[in-house]
Amino acid sequence: MNKALNSSLPTDREVVLGILNNSDETLNKLYLGYFPMILQFILNNNGDEDDAKDVFQESVIVLYNKIKSGDFELSSKLKTYIYSVCRRIWLKRLAQNHKKTTNISDYEDVLVVDDDLEKHDEQDQRLMKMNEALEGLGEPCKTIIQDFYLNNLSMQDISEKFGYTNTDNAKTQKYKCLQRLKKIFFNS
């Protein structure tokens, strides 16, 4: 497989291996792929581009040291991990700088945001588990659930799409599908 490595974002596993192998290319791709997200967060929360660069650099150092120490187990997406580390660093800086500002309430909306990486990890795990359950559901249930909950189709649209005689039949089918999905989700 010859994919364009220069432009593609490395997988989480490739990043870990790249850092273990001291790959500058991996670090460059990490920067290109994830820095814009961090820049946006910092700009939205009373910072500038230099702040974002500093915070991102610190988060990469945290990641680098964790991986090199052999103490790193990725239980969420790497993007989630980096974002969470950057948020923690930035919120800590804001808290330290609050003495210089006249009104700490400027930051309240930032500080209220959940700062617990474990919650992000748990949410990632649940989403993956739900995705697996949805895949195991089979048709037409998988599509009915996706159409209703993700694509926001009405029961009328679903009824017509699947050829049900009326919306009540479509609702009954959706209910049965949900019951099956719950069974798969909670038993897996």
# chains A, B, ... in the order shown; residues from 1 in each chain; ligands from 1

$ residues_around --residues "range 26-41 of chain A" --least-positions-apart "4" --cutoff "7 Å" --atoms "only C-alpha atoms" --output "PyMOL selection string"
chain A and resi 9-10+15+18+45+49+52+56+79+83

$ closest_residue --among "A:Phe162, A:Phe185, A:Ile42, A:Gly47" --to "Met128 in chain A" --atoms "only C-alpha atoms"
A:Phe185

$ residues_around --residues "Trp90 in chain A" --least-positions-apart "4" --cutoff "12 Å" --atoms "only C-alpha atoms" --output "number ranges by chain"
A: 38-39, 41-48, 51-59, 83-86, 94-97, 107, 110-111, 115

$ closest_residue --among "A:Lys129, A:Arg180, A:Lys174, A:Lys161" --to "Tyr149 in chain A" --atoms "only C-alpha atoms"
A:Lys174

$ atom_distance --atom1 "CA of Arg13 in chain A" --atom2 "CA of Leu134 in chain A"
25.1 Å

$ atom_distance --atom1 "CA of Gly70 in chain A" --atom2 "CA of Ile19 in chain A"
11.5 Å

$ select_by_dssp --residues "range 24-95 of chain A" --states "helix (DSSP H, G or I)" --output "number ranges by chain"
A: 24-44, 49-68, 78-95

$ write_last_selection --atoms "C-alpha atoms" --output "compact mmCIF listing (two decimals), in the first residue's frame"
# COMPACT_ATOMS: atom_id res chain seq x y z
CA ASP A 24 10.68 13.82 13.46
CA GLU A 25 8.23 13.08 10.63
CA THR A 26 5.73 11.70 13.15
CA LEU A 27 6.02 14.81 15.32
CA ASN A 28 5.52 17.03 12.27
CA LYS A 29 2.39 15.12 11.28
CA LEU A 30 1.13 15.30 14.85
CA TYR A 31 1.57 19.09 14.74
CA LEU A 32 -0.13 19.45 11.35
CA GLY A 33 -3.00 17.20 12.36
CA TYR A 34 -3.78 18.39 15.88
CA PHE A 35 -2.41 21.91 16.34
CA PRO A 36 -5.34 23.64 14.54
CA MET A 37 -7.77 22.12 17.09
CA ILE A 38 -5.64 23.39 20.01
CA LEU A 39 -5.16 26.80 18.40
CA GLN A 40 -8.94 27.16 18.10
CA PHE A 41 -9.45 26.17 21.75
CA ILE A 42 -6.82 28.65 23.02
CA LEU A 43 -8.08 31.50 20.81
CA ASN A 44 -11.63 30.88 22.07
CA GLU A 49 -1.27 31.81 18.78
CA ASP A 50 1.95 31.93 20.83
CA ASP A 51 0.07 30.58 23.85
CA ALA A 52 -1.33 27.79 21.67
CA LYS A 53 2.14 26.87 20.38
CA ASP A 54 3.53 26.76 23.93
CA VAL A 55 0.64 24.66 25.24
CA PHE A 56 0.76 22.27 22.29
CA GLN A 57 4.53 21.86 22.68
CA GLU A 58 4.07 21.08 26.39
CA SER A 59 1.40 18.50 25.61
CA VAL A 60 3.68 16.78 23.06
CA ILE A 61 6.44 16.68 25.70
CA VAL A 62 3.99 15.10 28.18
CA LEU A 63 2.98 12.54 25.54
CA TYR A 64 6.63 11.92 24.56
CA ASN A 65 7.72 11.36 28.17
CA LYS A 66 4.75 9.08 28.88
CA ILE A 67 5.44 6.93 25.82
CA LYS A 68 9.22 6.81 26.44
CA LEU A 78 -4.92 10.21 20.77
CA LYS A 79 -6.74 13.36 19.63
CA THR A 80 -8.83 13.24 22.83
CA TYR A 81 -5.73 12.69 24.95
CA ILE A 82 -3.81 15.62 23.42
CA TYR A 83 -6.84 17.91 23.64
CA SER A 84 -7.36 17.02 27.30
CA VAL A 85 -3.70 17.56 28.20
CA CYS A 86 -3.71 20.93 26.41
CA ARG A 87 -6.90 21.97 28.20
CA ARG A 88 -5.42 21.07 31.57
CA ILE A 89 -2.24 23.03 30.85
CA TRP A 90 -4.19 26.07 29.61
CA LEU A 91 -6.71 26.08 32.44
CA LYS A 92 -3.87 25.84 34.94
CA ARG A 93 -2.21 28.85 33.31
CA LEU A 94 -5.45 30.80 33.38
CA ALA A 95 -5.87 30.00 37.05

$ residues_around --residues "Gln146 in chain A" --least-positions-apart "3" --cutoff "12 Å" --atoms "only C-alpha atoms" --output "list in words"
Met130, Asn131, Leu134, Glu135, Leu137, Gly138, Glu139, Pro140, Cys141, Lys142, Thr143, Tyr149, Leu150, Asn151, Asn152, Leu153, Ser154, Ile158, Lys174, Cys177, Leu178 and Leu181 of chain A

$ atom_distance --atom1 "CA of Ser69 in chain A" --atom2 "CA of Glu14 in chain A"
17.2 Å
